[in-house]
Structures are given as structure tokens and as C-alpha cells.
Amino acid sequence: MEIVLVGLNFRTAPVEVREKVSFSVDQARRAAEELRTQGILEETLVLSTCNRTEIYGVHADANRESASALSRYLSGFHSLRPDVLNPSLYHYYDHDAVRHLFRVSAGLDSMLLGEAEILGQVREAYLHAHESHVTGPVLNRLFQAALEIGKRVRAETELGTRPMGVASAGMKLAERIFGKLSDRSALVLGAGTVSEQVVSQLRDRKIKNLYLSNRSRDKAEEFARQYNGKVMEWGEWDTALKLPDVIVSAVGVQDTLLTRAMIERAMSARGNRALFLMDLGLPRNIEPATADLYNVYLYTMDDLTEIVNQNRSARQTEVPKAEALVEEHVGKFISWQASVQLIGVLEMLRGSLKQRRAAFLHEKLAGMNHFSAEDREQIGNMMDELIEQLLIVPAERLRSEKEHRRKIQNVEALRDLYLSDREKL
Amino acid sequence: MTHTPFVYLTVLAYLATMGLYLRFLYKGKELTGRLATLLMFLALALHYVALLMRARGTHTVPYHDLQGAMSLFGWLLAVTYLCLEIYHRQRTVGAFVIPIILAFFFAANATPSHPGAPAPAHGVIFALHVTLSILGYSAFALACVLSLMYLGEERLLRIRRLGEAVWRLPSLELLERMSHTSVLVGLAAITIGTGLGFLAVDRHLAEHSSYLDPKYFFTLFVLLLYAVYFRLARTAAWRGARASRLCVFNFVLVILNFAVVNLFFSQSHRFF
């Protein structure tokens, strides 16, 4: 039983190609079932996120042929010409496939190094595949190990602790001032992509009151409906600014939107309670001199980008630790795989030896009529016992072998030396 | 002075606790934090036994001399901190408080004992007066540490220098709340302690003491300043960094009161 992986990700394929080969949950289920019924794979799992699509499978003998069949299936499923798809695909087999999945799960293969979302996506993909009964003992074990390594890397390294996006860095900074944001209010100015990212972060933190304001009221209302917020009238700043603890501005305007005097009045109205300002507009929306006001914390896009860059470097230093953990788990998985293979080989060897014993006894005892049926049975049992004793020593030695590669080589040697080509299959 | 094994064990326990709190600050592992708290309980118990053995050895109360008073101060600081940690569920402050506890414990045990003027009073009221006063000072010391942390974190946030540990420090608002709690405990302890002190003076020391001693005035002045801090910290103009600076300033006056006023100006309160 060998593991095969065919897939593409943000490094190998542009977004236009990634979009075309992504799988919905239902499509992933259907593809997995078809791959099994068509005999391409015995176990299968489809992992599809916005940055990657990967098909993991187990085949009796994974080789380039099974990977090619998978590639053909992928282009057929999505009606893409192989010459368009194939250059973006990567193929991994066995240990390399295991290592790749573990790195994915640990966030080491992510666009945003160490991001946590991928672990949830791996978990979801595994749960869906498991519920559809398209996985088997090998993929179950593989994905459980992948989830374990994902959790371990996040618990034992600093890879996922620091914010990597501008919006999340801003929210983390706000938490340095207020603690939890669940009993706070926030005002977001603008309704573009950046504002949406910020609102999504605020909602994740269960912000108590979310106020939204935009030059186009219709858009603000639509935004408010979508994120369960309240619309504030654009331009009525003296009313709007005194309520929130966090103000995020991401508007494309040429002139300053919020002046120092406006914030000063707001601070006076809110009893000088701390105010966190995030200026994500270009050109800047908030007058820079506002940063000097007492209890006001102003962060611009440049400040947050600088923090994100610092965090990226800090995360990078954690990579060797995470890679070491991945290697440790790859070793464990290979060891488990070798043990499973060993049991299979020993079973086959035992069956083969018993068959030969039966044929041997049948032939040798044919002319020995003085042996009763009981005697023949006793001789058979004695020979069975001898076979078991002969198998115990190599089995024990193989089980206790600590070096994974040697263990696998020994299992392979046992297979090659004692099993016929037909039995090996 | 020969030390009991409990002195060395206490130092070891505090050092180990500090190591764990520092590791928790930098790594943020929950298990490390819990272990630090557990070890802190053990260090407290050992410190208590060390205090007890010392009192038995000198046949007097721990606060009879400066060294004993410092050791008791360290122990009460540890108790106050632990209560605050449990109340606010915040462990990252530990790494900043333990060095102060250790410094007091070292100072108390590294120098030979020189008993000052013996306290001219005994009895439960006097013992309560001293213990509550030291508890109050230790709570103020803790408030000072928290205020310094606030000022440091606030500065780092303003200059955008966010190192590894800053992401794990308590939020500014929590530090402010913890500082308020600590000052409240200190205020209550010192108020009751000072009241009991006047009672003790009234009962036993009328012939030796005068109510006009500078020590008493300075203590009441410090109390007033902390009450002012407590009030101002909730007002629009002072909340935040200004209140934290006031808290640090107040503690400087406490040290002044504890050392300079006691030693050089007081007529009837020249003991610790």
C-alpha cells in the first residue's frame, strides 16, 4: 500500500487555474467515490482550499502510472486540457507525500507562513472524507497524524502566535490596550475590501457594537446588514466619534478625513477613555498630529505593515523547529507504515509456508500408510510449530529495528526473498 | 548569622518560580504558567517557615529588626501578588514581581542582623499595626510595579517596538485595574494599620510618644496621596499614563517615609 499525491497550489498555479480545479464539498465527495469505483485508488481524500487543491490516495502499488491516472482524472473532472493543467501539477509518493501533508498542516507550506486556517481546512476535508467512507486505515492514520502535527507545531513553536495580516495586527494591538474586544464598540469608515477584512476580524472577536459609515449610504446599509452592524451618517463626526473605542478608516480621499481637533473633541466627550485609531487609507485619512493626543493610539498602514514584517521575520526563525517536528512525525508515520507492512508480509509468508508444508506432507506421507490420521495431524502440528518458531526471530528483529529506512528495507527484503511475484501483488 | 536550610530552599523556590514565570512570559505555555503558580505557593510556604525559624532563633517577632521587616515585606508582597494573580487571572506580572521579592529576601538574609531601637510596644494591637502597615506597603509596591509595567508597555506601543513578550503582557486597561485593586488593598491595610498604631500609642506609649511626630504626618500625607490617586485615576484628565506616573511617585514617597523619615526625622518611631 503506497501513498500518492497529486495537486497544485499558489506556487505552481495562478489563481485562474486554481479557481478551475477547486472542489466543493459535494464535488470532492463525488470525485473520491469515482476514483475508488474506477479502481484508480483504494483510499482517497480531496483537500481543496483557495490556495491549493490536492488529491491524496492509497494504491496497492503507487507509481507514476497511478499519478498519471489521477492527473487525467483531475483534468477530465474539471474539463481542462491536460497541457494546461499538467505543468501546474506536482506529484509526491509515499514518504514525500506524507512530509508534504505534514508541512501543509503545520502551516509551513502556506502563503502566510504559520497561518492557522489551513489546519481547520485539513480537519474539514478529513471529516467529510471519513463520513463518506472513502478513507481507509492508511489515510485515517495519515490525516490524524497531520492534525496532531498541526496542533503540536502551533503549541510548541511561535509560528502561529504573531499576527501576519494588517487587519489582524491592528486588532491584536487594540487588544493590547483594551483586552478583550467583546465589550467594546468600533466604527469602520469605508466599505471596501480592506474595511471588510477589518470588520471580519472585529466580528471574529465578537465586538459588542459595530458602527459602519460610508459615503454611499446604500453600500453602508448593505455592509451593515451583512455584518449585523449599525449605520452612522457620513460626515456627522462629532456624534459618530464619541461612541467607539476603536476607529478604523479605510477610505480613498485626497483630504484628511478626521482632524486632530475632531478627535480632541471626541476624547473630551468620552472622558479621555483610550481610543484606538487605525488609518488604513492611502493617502492617510487621519491627521498624523492626532497621535500626540493623550490616550490616543494611532497606527497607520505603514506602522502595521512594519509590525507584520517584524512578525514575519520572527516566524521565519521558528521554521527550523517546526520542520524538526514535521520530520519527527514523518519518521513515526513511516515506522507505523513499516509495522503494518511487516504484519502483512508475515501473514503472507505464514500462509505460503503452511501451503508448502501441506503439499510437502501430502507428498511425503503418501506412501507411509502405517501413520494413522492422528499421527499425520500431530506431524502437521509439529511442523506448524516449527514454522512459527522460525518466523518469531525475524519478526522480533524487524519490530525492534529503530532505524526506519533499515526497517523498511528489511521488510522489502523479506518480501523479495520468500514470496513469489504473484504473492507480492 | 547562620541560615536554616529553609532560607536556601526559599531562594531556590523563588528562583525556579521566576524562571518559570519568565518562560511563561516568552513562550505563553499554559502548563508553564500553572507550574509557576504552584511553585509560587511552595516558595511562599518555605518563606513562611524561614520567617518562623528566624523568629524562633532571635526569640522575637520578625519585624524586630530591619532584616526581619524586609523579609516579612517580601513575604507579604508575594501573598498580595498571588491573590492578585488569582483574582485577575493574569500570570505575566509574576516575572516582574519575583525579582523584587527575591531582592528583599536576599537583603534580609545576606546582611548581619542589627536590631534597631526595639519597638517600645508589644501585644496584639501593635502586632496587627505592624503587619497591616507592611502589607499596605507591599500592596503599594505591587501597584508601583504594575504602574511601571503600564508605562513601559504604553511607551512600547507608542514607539511601535513590539518584541516577543509585549504580545503576552496584560492589556493596559487590565494593568490599570490591577493597580487600582492593589492600591485599594494597600489603602485599607494602611488605614486600619495606622488607626491601630494610634491606638497602641494611646494605650501604651503616651509617656514616650507625641502625636506630633513627623512620621505620623508623613504617613497620613502618603495615605492622602494614594486616596487622591485612587480618585484621580478615574477622572478624564488623569486616567492612563498620568495616573500611573502618580502611583510611581507615591511609592517613591513611601520609600522615603519608610527609610529617611523613620531614621532621621522621627523622634518616637525610629524602628521598622
# chains A, B, ... in the order shown; residues from 1 in each chain; ligands from 1
>>> closest_atom_pairs(of="chain B", to="chain A", cutoff="10 Å", atoms="only C-alpha atoms", output="JSON lines")
{"residue": "B:Tyr26", "atom": "CA", "partner": "A:Glu158", "partner_atom": "CA", "distance": 9.7}
{"residue": "B:Lys27", "atom": "CA", "partner": "A:Glu158", "partner_atom": "CA", "distance": 7.6}
{"residue": "B:Gly28", "atom": "CA", "partner": "A:Ala155", "partner_atom": "CA", "distance": 9.3}
{"residue": "B:Lys29", "atom": "CA", "partner": "A:Ala155", "partner_atom": "CA", "distance": 7.7}
{"residue": "B:Glu30", "atom": "CA", "partner": "A:Ala155", "partner_atom": "CA", "distance": 9.9}
{"residue": "B:Glu153", "atom": "CA", "partner": "A:Arg176", "partner_atom": "CA", "distance": 8.7}
{"residue": "B:Glu154", "atom": "CA", "partner": "A:Ile177", "partner_atom": "CA", "distance": 8.4}
{"residue": "B:Leu157", "atom": "CA", "partner": "A:Tyr297", "partner_atom": "CA", "distance": 8.0}
{"residue": "B:Arg158", "atom": "CA", "partner": "A:Tyr297", "partner_atom": "CA", "distance": 7.0}
{"residue": "B:Ile159", "atom": "CA", "partner": "A:Asp303", "partner_atom": "CA", "distance": 9.8}
{"residue": "B:Arg160", "atom": "CA", "partner": "A:Asp303", "partner_atom": "CA", "distance": 7.3}
{"residue": "B:Arg161", "atom": "CA", "partner": "A:Ile307", "partner_atom": "CA", "distance": 8.3}
{"residue": "B:Leu162", "atom": "CA", "partner": "A:Ile307", "partner_atom": "CA", "distance": 7.6}
{"residue": "B:Gly163", "atom": "CA", "partner": "A:Gln310", "partner_atom": "CA", "distance": 8.9}
{"residue": "B:Glu164", "atom": "CA", "partner": "A:Ala314", "partner_atom": "CA", "distance": 8.5}
{"residue": "B:Val166", "atom": "CA", "partner": "A:Arg176", "partner_atom": "CA", "distance": 8.3}
{"residue": "B:Trp167", "atom": "CA", "partner": "A:Arg176", "partner_atom": "CA", "distance": 7.1}
{"residue": "B:Arg168", "atom": "CA", "partner": "A:Arg176", "partner_atom": "CA", "distance": 8.5}
{"residue": "B:Leu169", "atom": "CA", "partner": "A:Arg176", "partner_atom": "CA", "distance": 7.7}
{"residue": "B:Pro170", "atom": "CA", "partner": "A:Arg176", "partner_atom": "CA", "distance": 7.1}
{"residue": "B:Ser171", "atom": "CA", "partner": "A:Arg176", "partner_atom": "CA", "distance": 4.4}
{"residue": "B:Leu172", "atom": "CA", "partner": "A:Ile177", "partner_atom": "CA", "distance": 4.8}
{"residue": "B:Glu173", "atom": "CA", "partner": "A:Phe178", "partner_atom": "CA", "distance": 5.5}
{"residue": "B:Leu174", "atom": "CA", "partner": "A:Gly179", "partner_atom": "CA", "distance": 7.0}
{"residue": "B:Leu175", "atom": "CA", "partner": "A:Ile177", "partner_atom": "CA", "distance": 9.6}
{"residue": "B:Arg234", "atom": "CA", "partner": "A:Gly271", "partner_atom": "CA", "distance": 9.4}
{"residue": "B:Thr235", "atom": "CA", "partner": "A:Gly271", "partner_atom": "CA", "distance": 7.4}
{"residue": "B:Ala236", "atom": "CA", "partner": "A:Gly271", "partner_atom": "CA", "distance": 4.5}
{"residue": "B:Ala237", "atom": "CA", "partner": "A:Asn272", "partner_atom": "CA", "distance": 6.7}
{"residue": "B:Trp238", "atom": "CA", "partner": "A:Asn272", "partner_atom": "CA", "distance": 8.5}
{"residue": "B:Arg239", "atom": "CA", "partner": "A:Asn272", "partner_atom": "CA", "distance": 7.3}
{"residue": "B:Gly240", "atom": "CA", "partner": "A:Asn295", "partner_atom": "CA", "distance": 6.8}
{"residue": "B:Ala241", "atom": "CA", "partner": "A:Asn295", "partner_atom": "CA", "distance": 7.9}
{"residue": "B:Arg242", "atom": "CA", "partner": "A:Tyr294", "partner_atom": "CA", "distance": 9.4}
>>> write_last_selection(atoms="N, CA and C atoms", output="short mmCIF file (atom, residue, chain, number, x, y, z; two decimals), in the first residue's frame")
data_model
loop_
_atom_site.label_atom_id
_atom_site.label_comp_id
_atom_site.auth_asym_id
_atom_site.auth_seq_id
_atom_site.Cartn_x
_atom_site.Cartn_y
_atom_site.Cartn_z
N TYR B 26 7.63 34.53 27.80
CA TYR B 26 8.17 34.47 26.44
C TYR B 26 7.54 33.40 25.58
N LYS B 27 7.07 32.33 26.20
CA LYS B 27 6.52 31.22 25.41
C LYS B 27 5.00 31.12 25.48
N GLY B 28 4.44 31.59 26.60
CA GLY B 28 2.99 31.61 26.73
C GLY B 28 2.33 30.25 26.92
N LYS B 29 3.11 29.25 27.33
CA LYS B 29 2.51 27.91 27.53
C LYS B 29 1.73 27.88 28.84
N GLU B 30 0.47 27.47 28.75
CA GLU B 30 -0.42 27.46 29.90
C GLU B 30 0.15 26.59 31.03
N GLU B 153 4.80 49.40 28.78
CA GLU B 153 4.03 48.85 27.65
C GLU B 153 3.45 49.98 26.80
N GLU B 154 2.98 51.02 27.48
CA GLU B 154 2.40 52.15 26.76
C GLU B 154 3.44 52.80 25.85
N LEU B 157 4.12 50.60 22.88
CA LEU B 157 3.02 50.69 21.91
C LEU B 157 3.11 51.99 21.12
N ARG B 158 3.54 53.05 21.79
CA ARG B 158 3.62 54.35 21.11
C ARG B 158 4.78 54.41 20.12
N ILE B 159 5.92 53.81 20.51
CA ILE B 159 7.06 53.86 19.58
C ILE B 159 7.07 52.66 18.64
N ARG B 160 6.02 51.83 18.74
CA ARG B 160 5.83 50.67 17.85
C ARG B 160 6.95 49.66 17.91
N ARG B 161 7.55 49.51 19.10
CA ARG B 161 8.58 48.46 19.25
C ARG B 161 7.98 47.31 20.03
N LEU B 162 7.45 46.35 19.27
CA LEU B 162 6.72 45.26 19.92
C LEU B 162 7.54 43.98 19.84
N GLY B 163 8.24 43.70 20.92
CA GLY B 163 9.05 42.48 20.96
C GLY B 163 8.19 41.27 21.25
N GLU B 164 8.87 40.18 21.52
CA GLU B 164 8.21 38.90 21.74
C GLU B 164 7.21 38.96 22.90
N VAL B 166 5.80 41.53 24.52
CA VAL B 166 4.75 42.56 24.58
C VAL B 166 3.39 41.97 24.21
N TRP B 167 3.38 41.04 23.27
CA TRP B 167 2.11 40.44 22.85
C TRP B 167 1.46 39.63 23.96
N ARG B 168 2.26 39.30 24.99
CA ARG B 168 1.69 38.48 26.07
C ARG B 168 1.46 39.28 27.36
N LEU B 169 1.90 40.50 27.38
CA LEU B 169 1.69 41.30 28.59
C LEU B 169 0.19 41.57 28.77
N PRO B 170 -0.22 41.89 29.99
CA PRO B 170 -1.64 42.22 30.18
C PRO B 170 -1.97 43.50 29.40
N SER B 171 -3.23 43.66 29.04
CA SER B 171 -3.62 44.88 28.32
C SER B 171 -3.45 46.08 29.26
N LEU B 172 -3.35 47.28 28.69
CA LEU B 172 -3.16 48.47 29.52
C LEU B 172 -4.31 48.62 30.51
N GLU B 173 -5.52 48.34 30.04
CA GLU B 173 -6.68 48.51 30.94
C GLU B 173 -6.64 47.53 32.10
N LEU B 174 -6.17 46.32 31.82
CA LEU B 174 -6.09 45.34 32.91
C LEU B 174 -5.01 45.76 33.91
N LEU B 175 -3.89 46.25 33.40
CA LEU B 175 -2.83 46.71 34.31
C LEU B 175 -3.34 47.83 35.20
N ARG B 234 -9.63 57.75 37.99
CA ARG B 234 -10.92 57.52 37.33
C ARG B 234 -11.42 58.78 36.61
N THR B 235 -10.64 59.83 36.66
CA THR B 235 -11.10 61.06 36.02
C THR B 235 -10.54 61.18 34.60
N ALA B 236 -11.22 62.01 33.80
CA ALA B 236 -10.86 62.15 32.38
C ALA B 236 -9.42 62.63 32.20
N ALA B 237 -9.02 63.60 33.01
CA ALA B 237 -7.70 64.18 32.79
C ALA B 237 -6.57 63.26 33.20
N TRP B 238 -6.79 62.38 34.18
CA TRP B 238 -5.70 61.60 34.75
C TRP B 238 -5.66 60.13 34.35
N ARG B 239 -6.77 59.59 33.89
CA ARG B 239 -6.76 58.13 33.63
C ARG B 239 -5.69 57.79 32.60
N GLY B 240 -5.05 56.65 32.82
CA GLY B 240 -3.99 56.24 31.90
C GLY B 240 -2.61 56.50 32.46
N ALA B 241 -1.72 56.98 31.61
CA ALA B 241 -0.31 57.11 31.97
C ALA B 241 -0.08 58.09 33.12
N ARG B 242 -0.86 59.18 33.17
CA ARG B 242 -0.64 60.18 34.22
C ARG B 242 -0.88 59.56 35.60
#
>>> select_by_dssp(residues="stretch 188-367 of chain A", states="strand (DSSP E)", output="PDB file with C-alpha atoms, in the first residue's frame")
ATOM      1  CA  VAL A 188     -15.368  51.386  10.456  1.00  0.00           C
ATOM      2  CA  LEU A 189     -15.236  54.095   7.808  1.00  0.00           C
ATOM      3  CA  ASN A 209     -21.254  47.360  18.888  1.00  0.00           C
ATOM      4  CA  LEU A 210     -20.204  47.707  15.283  1.00  0.00           C
ATOM      5  CA  TYR A 211     -20.849  51.039  13.552  1.00  0.00           C
ATOM      6  CA  LEU A 212     -20.317  51.474   9.823  1.00  0.00           C
ATOM      7  CA  SER A 213     -20.164  54.610   7.756  1.00  0.00           C
ATOM      8  CA  LYS A 230     -25.400  49.912  12.599  1.00  0.00           C
ATOM      9  CA  VAL A 231     -25.054  52.663  10.007  1.00  0.00           C
ATOM     10  CA  VAL A 246     -11.773  51.553  18.010  1.00  0.00           C
ATOM     11  CA  ILE A 247     -11.977  53.622  14.821  1.00  0.00           C
ATOM     12  CA  VAL A 248     -10.777  52.190  11.531  1.00  0.00           C
ATOM     13  CA  SER A 249     -10.637  54.340   8.456  1.00  0.00           C
ATOM     14  CA  LEU A 275      -9.116  55.446  21.770  1.00  0.00           C
ATOM     15  CA  PHE A 276      -7.501  53.207  19.185  1.00  0.00           C
ATOM     16  CA  LEU A 277      -7.254  54.563  15.642  1.00  0.00           C
ATOM     17  CA  MET A 278      -6.306  52.530  12.584  1.00  0.00           C
ATOM     18  CA  ASP A 279      -5.643  54.577   9.478  1.00  0.00           C
ATOM     19  CA  VAL A 296      -4.991  58.165  21.697  1.00  0.00           C
ATOM     20  CA  TYR A 297      -3.162  55.376  19.864  1.00  0.00           C
ATOM     21  CA  LEU A 298      -2.861  55.947  16.128  1.00  0.00           C
ATOM     22  CA  TYR A 299      -1.482  53.320  13.757  1.00  0.00           C
ATOM     23  CA  THR A 300      -1.135  53.859  10.035  1.00  0.00           C
TER      24      THR A 300
END
>>> residues_around(residues="B:Met70", least_positions_apart="6", cutoff="8 Å", atoms="only C-alpha atoms", output="number ranges by chain")
B: 63, 104-105, 107-108
>>> select_by_dssp(residues="stretch 52-169 of chain A", states="helix (DSSP H, G or I)", output="VMD selection string")
chain A and resid 64 to 77 82 to 88 94 to 106 117 to 131 137 to 156 166 to 169
>>> residues_around(residues="A:Arg72", least_positions_apart="5", cutoff="9 Å", atoms="only C-alpha atoms", output="PyMOL selection string")
chain A and resi 67+77+82+86
>>> closest_residue(among="B:Val145, B:Met40, B:Leu187, B:Leu225", to="B:Ile86", atoms="only C-alpha atoms")
B:Met40
>>> closest_residue(among="B:Tyr226, B:Tyr21, B:Phe249, B:Phe41", to="B:Ala165", atoms="only C-alpha atoms")
B:Tyr21
>>> residues_around(residues="A:Arg215", least_positions_apart="6", cutoff="9 Å", atoms="only C-alpha atoms", output="list in words")
Leu189, Gly190, Ala191, Glu233, Trp234 and Gly235 of chain A
>>> residues_around(residues="A:Glu65", least_positions_apart="2", cutoff="12 Å", atoms="only C-alpha atoms", output="count of residues only")
16
>>> atom_distance(atom1="atom CA of A:Glu19", atom2="atom CA of A:Gly160")
26.8 Å
>>> residues_around(residues="A:Ala32", least_positions_apart="2", cutoff="9 Å", atoms="only C-alpha atoms", output="number ranges by chain")
A: 27-30, 34-37, 41, 43-46, 55, 129, 132, 134-135
>>> write_last_selection(atoms="C-alpha atoms", output="compact mmCIF listing (two decimals), in the first residue's frame")
# COMPACT_ATOMS: atom_id res chain seq x y z
CA GLN A 27 -17.70 17.57 -5.79
CA ALA A 28 -14.91 16.31 -3.51
CA ARG A 29 -17.18 13.52 -2.27
CA ARG A 30 -18.20 12.55 -5.81
CA GLU A 34 -15.39 7.82 -8.57
CA LEU A 35 -11.64 7.41 -8.01
CA ARG A 36 -12.38 4.36 -5.93
CA THR A 37 -15.01 2.82 -8.17
CA LEU A 41 -7.26 4.49 -5.85
CA GLU A 43 -8.49 5.12 -0.38
CA THR A 44 -8.85 8.76 -1.30
CA LEU A 45 -9.25 12.29 0.07
CA VAL A 46 -9.62 15.63 -1.68
CA ILE A 55 -5.83 14.60 -4.01
CA ALA A 129 -13.96 12.07 3.50
CA SER A 132 -18.23 9.36 3.05
CA VAL A 134 -13.68 6.92 1.13
CA THR A 135 -10.72 6.81 3.51
>>> atom_distance(atom1="atom CA of B:Leu128", atom2="atom CA of B:Phe73")
14.0 Å
>>> decode(residues="stretch 253-277 of chain A", atoms="C-alpha atoms", output="compact mmCIF listing (two decimals), in the first residue's frame")
# COMPACT_ATOMS: atom_id res chain seq x y z
CA VAL A 253 -9.99 60.54 -0.07
CA GLN A 254 -7.50 63.23 -1.02
CA ASP A 255 -8.02 65.42 2.07
CA THR A 256 -7.76 64.50 5.71
CA LEU A 257 -10.99 62.91 6.87
CA LEU A 258 -10.50 63.07 10.65
CA THR A 259 -8.56 66.01 12.03
CA ARG A 260 -6.78 66.32 15.36
CA ALA A 261 -9.42 68.82 16.51
CA MET A 262 -12.23 66.35 15.79
CA ILE A 263 -10.52 63.60 17.77
CA GLU A 264 -9.74 66.03 20.57
CA ARG A 265 -13.45 66.89 20.84
CA ALA A 266 -14.33 63.18 20.75
CA MET A 267 -11.82 62.44 23.53
CA SER A 268 -13.28 65.18 25.64
CA ALA A 269 -16.79 63.80 25.08
CA ARG A 270 -15.73 60.26 26.02
CA GLY A 271 -13.95 61.31 29.23
CA ASN A 272 -10.47 60.65 27.82
CA ARG A 273 -11.01 56.90 27.75
CA ALA A 274 -8.41 55.27 25.50
CA LEU A 275 -9.12 55.45 21.77
CA PHE A 276 -7.50 53.21 19.19
CA LEU A 277 -7.25 54.56 15.64
